[in-house]
Amino acid sequence: MVSPNGSLKKERMEELWERHEADAACQRFWQKHSVSEKVECLTFESLELPRKVDAG
């Protein structure tokens, strides 16, 4: 399974920048080039995959 990337959330990244990152240029780069949007997610269980048929 794919785990969530919670550490890349905007709120989390801003908190990390403020607390640990001294390089303002890196922070500005991240803010300029990052995008955050909500998307609808699917799970493997929600997909209707073809079932294997026993050949025997």
# chains A, B, ... in the order shown; residues from 1 in each chain; ligands from 1
$ select_by_dssp --residues "chain A" --states "helix (DSSP H, G or I)" --output "list in words"
Gly6, Ser7, Leu8, Lys10, Glu11, Arg12, Met13, Glu14, Glu15, Leu16, Trp17, Glu18, Arg19, His20, Ala24, Ala25, Cys26, Gln27, Arg28, Phe29, Trp30, Gln31, Lys32, His33, Phe44, Glu45 and Ser46 of chain A
$ write_last_selection --atoms "C-alpha atoms" --output "short mmCIF file (atom, residue, chain, number, x, y, z; two decimals), in the first residue's frame"
data_model
loop_
_atom_site.label_atom_id
_atom_site.label_comp_id
_atom_site.auth_asym_id
_atom_site.auth_seq_id
_atom_site.Cartn_x
_atom_site.Cartn_y
_atom_site.Cartn_z
CA GLY A 6 1.50 14.01 5.37
CA SER A 7 4.91 15.63 5.78
CA LEU A 8 4.42 17.49 2.48
CA LYS A 10 1.46 22.97 3.31
CA GLU A 11 0.87 23.48 7.04
CA ARG A 12 3.50 20.90 7.97
CA MET A 13 6.10 22.27 5.58
CA GLU A 14 5.60 25.84 6.77
CA GLU A 15 6.06 24.67 10.36
CA LEU A 16 9.25 22.81 9.45
CA TRP A 17 10.65 25.80 7.53
CA GLU A 18 10.00 28.14 10.43
CA ARG A 19 11.49 25.77 12.96
CA HIS A 20 14.54 24.29 11.19
CA ALA A 24 15.18 31.78 3.03
CA ALA A 25 15.93 31.18 -0.67
CA CYS A 26 15.07 27.47 -0.32
CA GLN A 27 11.86 28.36 1.49
CA ARG A 28 10.84 30.84 -1.24
CA PHE A 29 11.61 28.21 -3.92
CA TRP A 30 9.40 25.64 -2.15
CA GLN A 31 6.55 28.10 -1.74
CA LYS A 32 6.75 29.24 -5.38
CA HIS A 33 6.91 25.76 -6.90
CA PHE A 44 -7.80 -1.15 -4.77
CA GLU A 45 -10.90 -2.50 -3.07
CA SER A 46 -13.10 0.04 -4.87
#
